[in-house]
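Undergrad: Following this message is one structure expressed as structure tokens.
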Amino acid sequence: MCGIIGYVGSRDCAPLILEGLKRLEYRGYDSAGIAVFDGTRLKITRSVGKLANLEKALREKPLSGTVGIGHTRWATHGKPSEQNAHPHEVNGIAVIHNGIIENYVDLKAELSAAGSVFKSETDTEVIAHLVDQEAGRGKGLFEAVCAALRRVRGAYAIVVVSEREPGKLVAAKNASPMIVGIGDDERFIASDVPAILPYTRQVMYMYEEEVAEVTARTVRVTDLHGAEKTREVRVVDATPAMAEKGGHRHFMHKEIFEQPRALMDTIRGRLSADRKTPLDGEMPGLSVPGAVKIIACGTSWHAALIGKFMIEELARVPVEVDLASEFRYRDPIVGKGELVVAISQSGETADTLAALREARSKGAHALAICNVVDSSIAREADTVLYTRAGPEIGVASTKAFVTQMAVLFLFAVRLGLVSGRLDPARAQALVREFTHIPSLMEEVLRLEQKVQDLAREFMHASDFLYLGRGINYPVALEGALKLKEISYIHAEGYPAGEMKHGPIALIDEEMPVLVVATRGRSYEKVLSNVQEAKARGGRIIALVTWGDARTREIADRVLEIPDVHDLLQPFLTSVSLQLLAYHIADLKGNDVDQPRNLAKSVTVE
Ligand code: AGP
């Protein structure tokens, strides 16, 4: 997600803003920019790529002043470019923004019709024009920002500065993080604590739909209608290193706990008001393909396997899932009328990119599901659905995986409705249940202490078996991969029904068997698989639905999670297994974020 910093005080602020942006680099970005009031005008410098490029530009053409704003952009709307980089300026009013404005298309049309001229592809620029329009109606900067935001729907953390009122910054937040730092005759605004820690530990946290007018000595907070709010100032107890991880020991842990928010960001703006036609704005005129092929690698391949269940059940379209590294060398049978979906967090995985090119060369329509805007796979596909998980720093994929499943679920519902094979009432009920997943995921995350106890008990095993049936079979594969890649314990995911065809020979007292035994259409069968494994002396850890007393009688250890529709269970079961893998690896003292031999993006074949 983007990094934001603002300063008003007596220091020469350009170097301070640049340093602050560097401390927010972990949030991921692909362009950056800064605006400083030099006593007469707002001066703006923006650059694409790393902060070093912005730093170079500032060395060549320094900016000097005591009020300014800075931004690192992680592209969501509009490719990474200088034109799309923040700040966006209109008539001496500059804006930086982290978030997604859901109704920007309508607002942009309205503003353009009224004469606004847009210079970028971003949703953010709409805010600058709205504030300018309101200021043009005689409002002061603070009131203009409040009025502008009353017309906006979506997530935002913004800071606005104006040449006409240079001694102040106006900040506002909704659903995106923002804090105000209190210094001696100076104030700071930032996305996160690391940016301001060298200057102050006194922080004021803003809440949803609040606006702050900030000068060197004052902070005034109101809601969008001007009703005053009092906000306490807290002293944060964090080192810069810890703060980068938001207080978490590892990025992976932070990203596991970010999943409810990441899911909400993925869903945001993709469910039309009547919740009947997901992805309305992004897949206009979607025709129903004769067949769907999904290509991916690793964890993304597991998401693809789960997507197969969703699409085949809801849209009744046959889905073939292929490892990209196999697909590309098999002279695959694919062509016109077929849809090939490439799933990739990084959008740079060499095998997936090559497989996508192969499919397109044979005439297939290519849809990419990516987390990085304007990545190679996103650029080369015909259509892109972004997962909006925010940058995933930990090598082991977690929030990207969960948001891939979310996009696949919305896509399956959309296909089902467009094809007429999914009853609208059923779709509406499913989507309504789906919107509760983020809060149910919070329930699962509250089981962390229990998971930690399990990790302590089983961390010395040399081999693990993960079993599941139906949609929880790929969950078992993913759970085993998570354990393998960060704890270095050999783990195998297997279809529970296949045990008796060989692998059951492996089971003895030394072998922990983790069974995904949540209530659903395969429950009874899985229960008998649990009994088979138990009868051979296996140590059974069962992932079950709340209140399942039957499995508790057989398994050695039980983890109970909320009950949801079969198709939605992977959102909760996979998070449980992420936590287990994380804590076993952490207890073993492994480098959880950078496991040996692994890279975050496998750009080699
Ligand atoms: C998953 O935890 C691994 N980091 C790895 O399997 C990863 O999913 C795979 O390399 C695919 O990466 P991509 O999603 O960026 O294409």
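Scheme for the structure tokens: letters A, B, ... for chains in order shown; per-chain residue numbers from 1; ligand numbers from 1 in order shown.
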Set the cut-off to 8 Å, count only C-alpha atoms and all ligand atoms, and list whatever residues fall near ligand 1 as a list in words.
TA: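 The neighbouring residues of ligand 1 are, in order, Ala296, Cys297, Gly298, Thr299, Ser300, Trp301, Ile343, Ser344, Gln345, Ser346, Gly347, Glu348, Thr349, Thr352, Cys370, Val395, Ala396, Ser397, Thr398, Ala400, Phe401, Leu481, Lys482, Glu485, Leu598, Ala599, Lys600, Ser601 and Val602 of chain A.
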Undergrad: Which polymer residues have any atom within 8 Å of an atom of A:His225, counting only C-alpha atoms, with same-chain residues fewer than 2 positions away left out, as a ChimeraX atom specification?
TA: /A:146-147,222-223,227
Undergrad: Determine, counting only C-alpha atoms, which protein, DNA and RNA residues have an atom within 9 Å of an atom of A:Asp184; residues of the same chain fewer than 5 positions away are not included. Present the result as a list in words.
TA: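 Once the adjacent positions are removed, what remains is Gly9, Thr200, Ala216 and Arg217 of chain A.
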Undergrad: Output N, CA, C and O atoms of each residue in that selection to a file, as a CSV table (one decimal), in the first residue's frame.
TA:
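Done, and the output landed in out_12.csv:
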```csv
chain,number,residue,atom,x,y,z
A,9,GLY,N,6.1,22.9,10.2
A,9,GLY,CA,6.8,23.3,11.3
A,9,GLY,C,7.9,24.3,10.9
A,9,GLY,O,7.6,25.1,10.0
A,200,THR,N,9.4,12.1,17.0
A,200,THR,CA,8.4,12.1,18.1
A,200,THR,C,7.8,10.8,18.3
A,200,THR,O,7.7,10.0,17.3
A,216,ALA,N,1.6,24.1,12.8
A,216,ALA,CA,2.8,23.7,13.5
A,216,ALA,C,2.5,23.5,15.0
A,216,ALA,O,3.2,22.8,15.7
A,217,ARG,N,1.4,24.2,15.5
A,217,ARG,CA,1.2,24.1,16.9
A,217,ARG,C,-0.2,23.5,17.3
A,217,ARG,O,-0.5,23.3,18.5
```
Undergrad: Expressed in Å to a single decimal, how great is the separation between atom CA of A:Ala304 and atom CA of A:Asn371?
TA: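 According to the coordinates, atom CA of A:Ala304 and atom CA of A:Asn371 are separated by 14.7 Å.
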Undergrad: I'd like a table as CSV: residues in stretch 412-465 of chain A with an atom no more than 8 Å from stretch 307-317 of chain A, each row giving the shortest atom pair and its distance in Å to one decimal, only C-alpha atoms counted, sorted by chain and rising residue number.
TA:
```
residue,atom,partner,partner_atom,distance
A:Ala412,CA,A:Ile311,CA,4.5
A:Val413,CA,A:Leu314,CA,6.2
A:Leu415,CA,A:Ala315,CA,5.5
A:Gly416,CA,A:Ala315,CA,3.8
A:Leu417,CA,A:Ala315,CA,7.5
A:Ser419,CA,A:Ala315,CA,6.8
A:Arg421,CA,A:Ala315,CA,5.9
A:Leu422,CA,A:Leu314,CA,5.9
```
Undergrad: So what do you get for atom CA of A:Asn91 versus atom CA of A:Val117, distance-wise?
TA: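 Those two atoms sit 11.2 Å apart.
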Undergrad: Would you kindly return, as a ChimeraX atom specification, each protein, DNA or RNA residue with an atom no farther than 12 Å from any atom of A:Gly140, considering only C-alpha atoms and excluding same-chain residues fewer than 5 positions away?
TA: /A:93,131-135,145-148,161-166,168,170,213
Undergrad: Save out the residues we just selected, C-alpha atoms, as a tab-separated table (two decimals), in the first residue's frame.
TA:
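File written: result-v1.tsv
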```tsv
chain	number	residue	atom	x	y	z
A	93	ILE	CA	-3.94	22.46	-4.23
A	131	VAL	CA	-11.36	20.04	-3.35
A	132	ASP	CA	-10.56	22.67	-5.98
A	133	GLN	CA	-14.21	22.78	-7.05
A	134	GLU	CA	-15.37	23.24	-3.45
A	135	ALA	CA	-12.70	25.88	-2.83
A	145	VAL	CA	-11.84	18.92	1.92
A	146	CYS	CA	-14.80	17.97	4.16
A	147	ALA	CA	-17.28	18.80	1.40
A	148	ALA	CA	-15.23	16.91	-1.20
A	161	VAL	CA	-1.80	21.33	1.08
A	162	SER	CA	-2.73	24.62	-0.62
A	163	GLU	CA	-0.75	27.63	-1.79
A	164	ARG	CA	-3.59	29.83	-0.58
A	165	GLU	CA	-3.36	28.54	3.03
A	166	PRO	CA	0.29	27.49	3.28
A	168	LYS	CA	-1.45	24.14	7.35
A	170	VAL	CA	-5.53	19.00	6.02
A	213	GLU	CA	-6.61	20.60	10.31
```
Undergrad: Using only C-alpha atoms, can you tell me which of A:Leu410, A:Val235, A:Val418, A:Val203 comes closest to A:Gly285?
TA: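 That would be A:Val418, the residue with the smallest distance to A:Gly285.
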Undergrad: Mind checking which residues fall within 9 Å of stretch 322-329 of chain A, counting only C-alpha atoms, ignoring those fewer than 6 positions away in the same chain, and posting them as a ChimeraX atom specification?
TA: /A:293-298,301,304-305,342,350-359,605
Undergrad: When you count only C-alpha atoms, which of these residues is closest to A:Leu445: A:Gly138, A:Pro562, A:Gly520, A:Gly547?
TA: A:Pro562
Undergrad: Find the residues around stretch 55-69 of chain A up to 9 Å (only C-alpha atoms counted), leave out those fewer than 5 positions away in its own chain, and share them as a PyMOL selection string.
TA: chain A and resi 4-15+17-18+33-39+42-47+87+94-96+159-161+166-169+189
Undergrad: Please dump the current selection as a compact mmCIF listing (two decimals), in the first residue's frame; keep N, CA and C atoms.
TA:
```
# COMPACT_ATOMS: atom_id res chain seq x y z
N ILE A 4 2.59 7.58 3.12
CA ILE A 4 2.20 9.00 3.14
C ILE A 4 2.97 9.70 4.25
N ILE A 5 3.44 10.93 4.00
CA ILE A 5 4.00 11.72 5.09
C ILE A 5 3.78 13.20 4.81
N GLY A 6 3.44 13.95 5.87
CA GLY A 6 3.26 15.40 5.73
C GLY A 6 3.98 16.08 6.90
N TYR A 7 4.43 17.32 6.67
CA TYR A 7 5.14 18.05 7.73
C TYR A 7 4.75 19.51 7.71
N VAL A 8 4.54 20.07 8.90
CA VAL A 8 4.39 21.53 9.02
C VAL A 8 5.12 21.93 10.30
N GLY A 9 6.05 22.88 10.16
CA GLY A 9 6.84 23.30 11.34
C GLY A 9 7.88 24.29 10.90
N SER A 10 9.12 24.15 11.46
CA SER A 10 10.13 25.17 11.12
C SER A 10 11.34 24.55 10.43
N ARG A 11 11.34 23.21 10.31
CA ARG A 11 12.48 22.58 9.63
C ARG A 11 12.36 22.73 8.11
N ASP A 12 13.50 22.62 7.45
CA ASP A 12 13.49 22.52 5.99
C ASP A 12 13.02 21.09 5.68
N CYS A 13 11.81 20.93 5.16
CA CYS A 13 11.13 19.63 5.27
C CYS A 13 11.43 18.63 4.17
N ALA A 14 11.99 19.02 3.04
CA ALA A 14 12.19 18.04 1.94
C ALA A 14 13.04 16.84 2.39
N PRO A 15 14.20 17.06 3.02
CA PRO A 15 14.99 15.90 3.46
C PRO A 15 14.24 15.03 4.48
N ILE A 17 11.00 14.64 4.75
CA ILE A 17 9.94 13.89 4.05
C ILE A 17 10.54 12.71 3.30
N LEU A 18 11.66 12.93 2.67
CA LEU A 18 12.32 11.84 1.93
C LEU A 18 12.73 10.71 2.88
N GLY A 33 6.71 10.85 -4.92
CA GLY A 33 6.67 12.28 -5.22
C GLY A 33 6.60 13.12 -3.97
N ILE A 34 6.87 14.41 -4.11
CA ILE A 34 6.90 15.32 -2.96
C ILE A 34 6.43 16.69 -3.41
N ALA A 35 5.72 17.40 -2.51
CA ALA A 35 5.32 18.79 -2.79
C ALA A 35 5.75 19.63 -1.60
N VAL A 36 6.40 20.75 -1.84
CA VAL A 36 6.87 21.64 -0.77
C VAL A 36 6.43 23.07 -1.10
N PHE A 37 5.93 23.77 -0.09
CA PHE A 37 5.58 25.19 -0.29
C PHE A 37 6.83 26.01 -0.05
N ASP A 38 7.26 26.77 -1.07
CA ASP A 38 8.57 27.45 -0.96
C ASP A 38 8.44 28.89 -0.49
N GLY A 39 7.27 29.22 0.03
CA GLY A 39 7.04 30.60 0.50
C GLY A 39 6.16 31.37 -0.46
N LEU A 42 3.68 26.17 -4.58
CA LEU A 42 3.89 24.75 -4.29
C LEU A 42 4.80 24.21 -5.38
N LYS A 43 5.91 23.62 -5.00
CA LYS A 43 6.82 23.00 -5.96
C LYS A 43 6.71 21.47 -5.84
N ILE A 44 6.56 20.81 -6.98
CA ILE A 44 6.33 19.35 -6.96
C ILE A 44 7.37 18.62 -7.78
N THR A 45 7.91 17.54 -7.21
CA THR A 45 8.83 16.64 -7.94
C THR A 45 8.32 15.22 -7.78
N ARG A 46 8.25 14.49 -8.94
CA ARG A 46 7.76 13.10 -8.88
C ARG A 46 8.69 12.22 -9.71
N SER A 47 8.75 10.92 -9.36
CA SER A 47 9.60 10.03 -10.16
C SER A 47 9.05 8.61 -10.13
N PRO A 87 2.31 13.75 -5.50
CA PRO A 87 1.04 14.46 -5.33
C PRO A 87 0.40 14.83 -6.67
N ALA A 94 -2.54 20.54 -3.67
CA ALA A 94 -1.88 19.24 -3.92
C ALA A 94 -2.41 18.20 -2.94
N VAL A 95 -2.60 16.96 -3.48
CA VAL A 95 -3.18 15.88 -2.68
C VAL A 95 -2.32 14.62 -2.80
N ILE A 96 -2.14 13.93 -1.67
CA ILE A 96 -1.58 12.56 -1.70
C ILE A 96 -2.60 11.64 -1.07
N VAL A 159 -3.65 13.64 2.48
CA VAL A 159 -3.14 14.89 3.04
C VAL A 159 -3.20 15.92 1.91
N VAL A 160 -3.74 17.11 2.25
CA VAL A 160 -3.92 18.17 1.26
C VAL A 160 -3.17 19.42 1.72
N VAL A 161 -2.49 20.07 0.79
CA VAL A 161 -1.80 21.33 1.08
C VAL A 161 -2.17 22.33 -0.01
N PRO A 166 -0.93 28.29 3.22
CA PRO A 166 0.29 27.49 3.28
C PRO A 166 0.71 27.01 4.66
N GLY A 167 0.21 27.61 5.71
CA GLY A 167 0.70 27.24 7.04
C GLY A 167 0.02 26.03 7.62
N LYS A 168 -0.71 25.28 6.77
CA LYS A 168 -1.45 24.14 7.35
C LYS A 168 -1.51 22.97 6.38
N LEU A 169 -1.81 21.82 6.97
CA LEU A 169 -2.11 20.61 6.20
C LEU A 169 -3.51 20.16 6.61
N ILE A 189 2.26 14.10 9.72
CA ILE A 189 1.14 13.20 9.36
C ILE A 189 1.78 12.03 8.61
```
Undergrad: Per DSSP on the backbone, what are the alpha helix (DSSP H) residues of stretch 301-428 of chain A, as a short mmCIF file (atom, residue, chain, number, x, y, z; two decimals) with N, CA and C atoms, in the first residue's frame?
TA:
```cif
data_model
loop_
_atom_site.label_atom_id
_atom_site.label_comp_id
_atom_site.auth_asym_id
_atom_site.auth_seq_id
_atom_site.Cartn_x
_atom_site.Cartn_y
_atom_site.Cartn_z
N TRP A 301 -1.12 -21.96 -7.52
CA TRP A 301 -1.70 -23.16 -8.13
C TRP A 301 -2.72 -23.76 -7.18
N HIS A 302 -2.46 -23.69 -5.89
CA HIS A 302 -3.44 -24.19 -4.92
C HIS A 302 -4.71 -23.32 -4.96
N ALA A 303 -4.52 -22.03 -5.10
CA ALA A 303 -5.70 -21.15 -5.25
C ALA A 303 -6.48 -21.53 -6.49
N ALA A 304 -5.76 -21.89 -7.54
CA ALA A 304 -6.41 -22.30 -8.80
C ALA A 304 -7.25 -23.55 -8.60
N LEU A 305 -6.71 -24.52 -7.84
CA LEU A 305 -7.45 -25.76 -7.56
C LEU A 305 -8.73 -25.46 -6.79
N ILE A 306 -8.65 -24.49 -5.90
CA ILE A 306 -9.85 -24.11 -5.13
C ILE A 306 -10.84 -23.38 -6.03
N GLY A 307 -10.28 -22.55 -6.92
CA GLY A 307 -11.14 -21.84 -7.88
C GLY A 307 -11.90 -22.79 -8.78
N LYS A 308 -11.30 -23.93 -9.07
CA LYS A 308 -11.98 -24.95 -9.92
C LYS A 308 -13.28 -25.37 -9.26
N PHE A 309 -13.23 -25.65 -7.95
CA PHE A 309 -14.45 -26.06 -7.23
C PHE A 309 -15.51 -24.95 -7.31
N MET A 310 -15.08 -23.71 -7.14
CA MET A 310 -16.03 -22.59 -7.12
C MET A 310 -16.68 -22.40 -8.49
N ILE A 311 -15.84 -22.38 -9.53
CA ILE A 311 -16.37 -22.12 -10.88
C ILE A 311 -17.24 -23.27 -11.37
N GLU A 312 -16.80 -24.50 -11.13
CA GLU A 312 -17.58 -25.64 -11.64
C GLU A 312 -18.90 -25.76 -10.90
N GLU A 313 -18.90 -25.45 -9.59
CA GLU A 313 -20.16 -25.58 -8.84
C GLU A 313 -21.12 -24.44 -9.18
N LEU A 314 -20.62 -23.22 -9.29
CA LEU A 314 -21.51 -22.07 -9.45
C LEU A 314 -21.82 -21.73 -10.91
N ALA A 315 -20.89 -22.02 -11.81
CA ALA A 315 -21.10 -21.65 -13.21
C ALA A 315 -21.21 -22.85 -14.13
N ALA A 324 1.90 -24.25 -14.41
CA ALA A 324 2.40 -23.50 -15.56
C ALA A 324 3.65 -24.13 -16.15
N SER A 325 4.50 -24.69 -15.26
CA SER A 325 5.77 -25.27 -15.73
C SER A 325 5.53 -26.53 -16.56
N GLU A 326 4.36 -27.16 -16.42
CA GLU A 326 4.01 -28.33 -17.23
C GLU A 326 3.28 -27.88 -18.49
N PHE A 327 2.33 -26.97 -18.30
CA PHE A 327 1.46 -26.51 -19.40
C PHE A 327 2.29 -26.01 -20.59
N ALA A 350 8.27 -16.70 -14.06
CA ALA A 350 8.66 -16.98 -15.46
C ALA A 350 7.79 -18.06 -16.09
N ASP A 351 7.55 -19.14 -15.35
CA ASP A 351 6.76 -20.24 -15.93
C ASP A 351 5.33 -19.81 -16.24
N THR A 352 4.78 -19.02 -15.36
CA THR A 352 3.39 -18.59 -15.57
C THR A 352 3.30 -17.61 -16.73
N LEU A 353 4.28 -16.73 -16.82
CA LEU A 353 4.31 -15.76 -17.92
C LEU A 353 4.47 -16.49 -19.25
N ALA A 354 5.34 -17.46 -19.29
CA ALA A 354 5.57 -18.21 -20.54
C ALA A 354 4.32 -19.00 -20.91
N ALA A 355 3.66 -19.58 -19.91
CA ALA A 355 2.43 -20.36 -20.19
C ALA A 355 1.34 -19.45 -20.70
N LEU A 356 1.27 -18.24 -20.15
CA LEU A 356 0.27 -17.26 -20.60
C LEU A 356 0.51 -16.90 -22.07
N ARG A 357 1.78 -16.67 -22.40
CA ARG A 357 2.13 -16.32 -23.79
C ARG A 357 1.76 -17.47 -24.73
N GLU A 358 2.03 -18.69 -24.30
CA GLU A 358 1.73 -19.89 -25.10
C GLU A 358 0.23 -19.95 -25.37
N ALA A 359 -0.56 -19.74 -24.32
CA ALA A 359 -2.03 -19.84 -24.46
C ALA A 359 -2.55 -18.75 -25.40
N ARG A 360 -2.03 -17.54 -25.25
CA ARG A 360 -2.49 -16.43 -26.10
C ARG A 360 -2.08 -16.66 -27.55
N SER A 361 -0.89 -17.26 -27.72
CA SER A 361 -0.43 -17.51 -29.11
C SER A 361 -1.34 -18.52 -29.81
N SER A 376 4.40 -7.91 -15.36
CA SER A 376 4.49 -8.47 -16.73
C SER A 376 3.25 -9.28 -17.09
N ILE A 377 2.81 -10.16 -16.18
CA ILE A 377 1.64 -11.00 -16.47
C ILE A 377 0.39 -10.13 -16.58
N ALA A 378 0.28 -9.11 -15.75
CA ALA A 378 -0.88 -8.21 -15.80
C ALA A 378 -0.90 -7.47 -17.13
N ARG A 379 0.28 -7.04 -17.56
CA ARG A 379 0.37 -6.28 -18.81
C ARG A 379 0.05 -7.12 -20.03
N GLU A 380 0.43 -8.39 -20.01
CA GLU A 380 0.30 -9.21 -21.23
C GLU A 380 -1.03 -9.92 -21.33
N LYS A 399 -1.66 -13.55 2.44
CA LYS A 399 -2.79 -12.67 2.11
C LYS A 399 -3.03 -12.65 0.59
N ALA A 400 -1.99 -12.85 -0.18
CA ALA A 400 -2.18 -12.90 -1.64
C ALA A 400 -3.00 -14.13 -2.00
N PHE A 401 -2.72 -15.24 -1.34
CA PHE A 401 -3.44 -16.50 -1.59
C PHE A 401 -4.93 -16.32 -1.25
N VAL A 402 -5.19 -15.77 -0.11
CA VAL A 402 -6.58 -15.62 0.33
C VAL A 402 -7.34 -14.66 -0.58
N THR A 403 -6.65 -13.61 -1.04
CA THR A 403 -7.35 -12.67 -1.93
C THR A 403 -7.47 -13.24 -3.35
N GLN A 404 -6.57 -14.13 -3.75
CA GLN A 404 -6.74 -14.84 -5.03
C GLN A 404 -8.04 -15.66 -4.98
N MET A 405 -8.23 -16.36 -3.87
CA MET A 405 -9.45 -17.17 -3.72
C MET A 405 -10.69 -16.27 -3.77
N ALA A 406 -10.56 -15.07 -3.17
CA ALA A 406 -11.71 -14.15 -3.14
C ALA A 406 -12.06 -13.70 -4.55
N VAL A 407 -11.05 -13.37 -5.33
CA VAL A 407 -11.31 -12.95 -6.72
C VAL A 407 -11.92 -14.12 -7.51
N LEU A 408 -11.42 -15.31 -7.29
CA LEU A 408 -11.96 -16.49 -7.99
C LEU A 408 -13.41 -16.74 -7.59
N PHE A 409 -13.74 -16.51 -6.33
CA PHE A 409 -15.12 -16.70 -5.87
C PHE A 409 -16.03 -15.68 -6.56
N LEU A 410 -15.61 -14.43 -6.57
CA LEU A 410 -16.43 -13.39 -7.22
C LEU A 410 -16.57 -13.68 -8.71
N PHE A 411 -15.49 -14.17 -9.30
CA PHE A 411 -15.51 -14.50 -10.74
C PHE A 411 -16.47 -15.66 -10.99
N ALA A 412 -16.47 -16.66 -10.12
CA ALA A 412 -17.36 -17.82 -10.27
C ALA A 412 -18.81 -17.37 -10.17
N VAL A 413 -19.11 -16.50 -9.22
CA VAL A 413 -20.49 -15.99 -9.06
C VAL A 413 -20.89 -15.23 -10.31
N ARG A 414 -19.98 -14.39 -10.77
CA ARG A 414 -20.26 -13.58 -11.97
C ARG A 414 -20.55 -14.47 -13.18
N LEU A 415 -19.69 -15.49 -13.38
CA LEU A 415 -19.89 -16.42 -14.51
C LEU A 415 -21.23 -17.14 -14.35
N GLY A 416 -21.52 -17.55 -13.13
CA GLY A 416 -22.77 -18.27 -12.90
C GLY A 416 -23.98 -17.43 -13.23
N LEU A 417 -23.95 -16.16 -12.85
CA LEU A 417 -25.08 -15.26 -13.13
C LEU A 417 -25.17 -14.95 -14.61
N VAL A 418 -24.04 -14.68 -15.24
CA VAL A 418 -24.06 -14.34 -16.68
C VAL A 418 -24.53 -15.55 -17.50
N SER A 419 -24.17 -16.73 -17.04
CA SER A 419 -24.57 -17.94 -17.80
C SER A 419 -26.01 -18.34 -17.49
N PRO A 424 -30.10 -16.30 -8.98
CA PRO A 424 -29.74 -15.01 -8.35
C PRO A 424 -29.95 -14.99 -6.85
N ALA A 425 -31.01 -15.64 -6.38
CA ALA A 425 -31.24 -15.63 -4.93
C ALA A 425 -30.13 -16.41 -4.21
N ARG A 426 -29.72 -17.52 -4.83
CA ARG A 426 -28.64 -18.31 -4.21
C ARG A 426 -27.35 -17.51 -4.24
N ALA A 427 -27.12 -16.81 -5.36
CA ALA A 427 -25.91 -15.99 -5.48
C ALA A 427 -25.89 -14.92 -4.40
N GLN A 428 -27.05 -14.30 -4.21
CA GLN A 428 -27.13 -13.21 -3.21
C GLN A 428 -26.85 -13.75 -1.81
#
```
Undergrad: So that each row is one residue of stretch 496-562 of chain A with an atom at most 12 Å from stretch 453-461 of chain A, can you give its shortest atom pair and the distance in Å to one decimal, using only C-alpha atoms, rows by chain and rising number, as a tab-separated table?
TA:
```
residue	atom	partner	partner_atom	distance
A:Asp508	CA	A:Ala461	CA	11.8
A:Glu509	CA	A:Ala461	CA	10.4
A:Glu510	CA	A:Ala461	CA	6.9
A:Met511	CA	A:Ala461	CA	7.0
A:Pro512	CA	A:Ala461	CA	7.3
A:Val513	CA	A:Phe458	CA	10.5
A:Leu514	CA	A:Phe458	CA	10.8
A:Arg539	CA	A:Phe458	CA	9.6
A:Ile540	CA	A:Phe458	CA	10.9
A:Ile541	CA	A:Leu454	CA	8.7
A:Ala542	CA	A:Leu454	CA	11.2
A:Leu543	CA	A:Leu454	CA	11.9
A:Asp556	CA	A:Leu454	CA	10.8
A:Arg557	CA	A:Leu454	CA	8.0
A:Val558	CA	A:Leu454	CA	9.5
A:Leu559	CA	A:Leu454	CA	9.3
```
Undergrad: Pick out the residues sitting within 10 Å of A:Val180, and hand them over as JSON, numbers by chain; count only C-alpha atoms, and ignore anything fewer than 4 positions along from it in its own chain.
TA: {"A": [5, 6, 7, 171, 187, 188, 189, 190, 191, 192, 193, 196, 202, 203, 204, 205, 206, 212, 214, 219, 233]}
Undergrad: Apply DSSP to the backbone of this structure and, from stretch 276-515 of chain A, keep only the residues in strand (DSSP E or B); write these as a ChimeraX atom specification.
TA: /A:292-296,319-323,339-344,365-370,383-386,463-468,490-495,512-515
